[in-house]
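Structure record follows, encoded as structure tokens.
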Amino acid sequence: MFRLTKYIFCIAASLLLTLPAACKKTVETKEKPAKVALMWFDAEANFARFSSKDSIDFYLEKIGKLGFTHAVVDIRPITGEVLYDSQYAPRMEEWHGAKRGDFDYLGHFIEKAHTLGIEVHASLNVFVAGHNYFDRGLIYSGHPEWASVVYHPEKGIIPITEEKNKYSAMVNPMNEDFRKHIINILKEVTTKYPKLDGFILDRVRYDGISTDFSTLSKSLFEKYIGKTVENFPDDIFKWKKGDDGKYYRENGKYFLKWIEWRTKNIYDFMKLARDEVKSVNPDISFGTYTGAWYPSYYEVGVNFASNMYDPAKDFDWATPDYKKYGYAELLDLYTTGNYYTDISTADYRSHNKSVWNETDSQAQSGEWYSVEGSCNHLRTILGGKEFSGGILVDQFYSNPQDLTRSIEMNLAKSDGVMLFDIVHIITKNLWKEVELGMKNGGMINK
């Protein structure tokens, strides 16, 4: 929310006879825009650039002039290190040779942004604690037991740290020690930064359909269904190799309950996290980012729909109880990744291409996989709850004019827009395309 801005002004001479003082303090409320616009500041990609206050100030002022209402500041990258002084996690001191600045990173973002009428929402990567490309992070430096366990089609059951084509060393969401760790961090940030406007949690999910197949997960799932899983993991699913050499999934007898259980686990954590941060600051906004590809997002154990929507009527992977774990009602602010290069449904019909997102086990197709189509479907599954459509800026390096179109479409069809990430705009100097999209989308005057 935009704060009240106080103005001191001198009273005109013609009013002196009716007012007792020559000067009077009044309060004017800055009109809240109809839509929100969020700019994401990734921790690792921007580590060197934002190691100085001047750079933070410059870019906050720049996005403010372009109509952005929110700065999303990543303070827990995938390594599990943090960008503030914490008693629970190590502070990231350097990244690729760049040293951190000697100042309160998040504190300065909040202080400067608030002078510009911009909200600051802290982003934390939640169920991840290591970077597999660099063997760096908490999983590698003291907590290997946190690592999610992967059912690999060729290697079998392995820790995710051994799957090097995945850069995120994801955590088993049911590891109680880690859950306590991340809740402590959330509460610590809420306490240390009382002026923080909110959280936008990222990676509150399983890594994919192939996780988590640990003995802990097996035991907890058996408790959930009240039965012993005799053939694990085959009773969940098994990988089969097709004639084309590609692997596909053959679902077992407990597959649908497994999907339901994983989704319940993520819902329960979201409920817990919301309750814990609100216990410290009831007014703080609780939000999240997820991928918008709902038809396949069951693979990561996430149901971001309204609990009034029943996915079992539309999708064969949902049980009748799946709807109970829709968490839209837990959110104060929701951003979702409309990461599609087809902007309109007409674009999709023209190209008719498949989309394979980071968390998918196979390619997807349909009008859902355009910005316009996604927004239309999201309106239905969210039950009218507000959402902001996200844009992955580097998808438009070769077609920058479509970045403008995507901004316009998200602002037209959703309740706001989120750009990930500012580094991509800076690197390719896409500010003119952003400005035009924001103008055409009504966020700044033409």
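Each chain of the structure tokens is named A, B, ... in the order shown, its residues numbered from 1; ligands are numbered from 1 in display order.
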
Exercise. As a ChimeraX atom specification, which residues of region 53-144 of chain A does DSSP assign to strand (DSSP E or B)?
Worked result: /A:70-76,82,91,94-95,98-99,119-125,128-131,136

For this session: For region 275-279 of chain A, list every protein, DNA or RNA residue within 6 Å, evaluated using only C-alpha atoms, and leave out those in the same chain fewer than 3 positions away; present the list as an MDAnalysis selection string.
Result: chainID A and resid 187 272 282

For this session: In Å, rounded to a single decimal, give me how far CA of Tyr247 (chain A) is from CA of Glu163 (chain A).
Result: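 A separation of 16.3 Å between them.
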
Problem set entry | Polymer residues at most 6 Å from region 49-63 of chain A, only C-alpha atoms, same-chain spacing of 5 or more positions, as a ChimeraX atom specification | /A:68,100-101

Exercise. As a VMD selection string, which residues of region 58-251 of chain A does DSSP assign to helix (DSSP H, G or I)?
Worked result: chain A and resid 58 to 65 105 to 115 144 to 146 160 to 162 176 to 192 215 to 225

Can you write out as CSV which residues of region 288-333 of chain A fall within 12 Å of region 69-87 of chain A, alongside each residue's closest atom pair and its distance in Å to one decimal, counting only C-alpha atoms and ordering rows by chain and ascending residue number?
```
residue,atom,partner,partner_atom,distance
A:Thr288,CA,A:Val72,CA,10.9
A:Tyr289,CA,A:Val72,CA,10.7
A:Leu333,CA,A:His70,CA,11.2
```

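Nearest residue to His181 (chain A) among A:Lys35, A:His143, A:Arg405, A:Lys155 is A:His143, counting only C-alpha atoms.
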
Exercise. Taking only C-alpha atoms into account, which of A:Leu256, A:Val204, A:Ile209, A:Leu430 comes nearest Asp360 (chain A)?
Worked result: A:Ile209

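Separating CA of Ser414 (chain A) from CA of Ser388 (chain A) is a distance of 5.7 Å.
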
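Shortest atom-to-atom contact with Gly291 (chain A) among A:Gly442, A:Pro173, A:Gly242, A:Gly337: A:Gly337, counting only C-alpha atoms.
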
Exercise. Near Thr341 (chain A), within 10 Å and counting only C-alpha atoms, which residues show up once chain neighbours fewer than 6 positions away are dropped, as a ChimeraX atom specification?
Worked result: /A:347-348,355,369-371,391-392,395-396,399,402-403,405-406

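Atom pair CA of Val280 (chain A) / CA of Ala89 (chain A): separated by 19.6 Å.
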
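Summary of the local environment: counting only C-alpha atoms, residues at most 12 Å from region 223-226 of chain A, other than itself and those fewer than 2 positions away along its chain, are Leu216, Ser217, Lys218, Ser219, Leu220, Phe221, Thr228, Val229, Tyr254, Phe255, Leu256, Lys257, Trp258, Glu260, Trp261, Arg262, Lys264 and Asn265 of chain A.
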
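Among the candidates A:Met409, A:Ile422, A:Val393, A:Ala318, the residue lying nearest to Ser344 (chain A) is A:Met409 (atoms considered: only C-alpha atoms).
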
Problem set entry | All residues 8 Å or closer to Ala147 (chain A), only C-alpha atoms, same chain fewer than 4 positions away omitted, as a list of chain:residue names |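 That gives A:Ala129, A:Ile139, A:His143, A:Pro159, A:Ile160, A:Thr161, A:Ala169, A:Met170, A:Val171, A:Asn172.
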
Exercise. Which residue out of A:Ala48, A:Ile118, A:Ile110, A:Met443 has the minimum interatomic distance to His96 (chain A) when only C-alpha atoms are used?
Worked result: A:Ala48
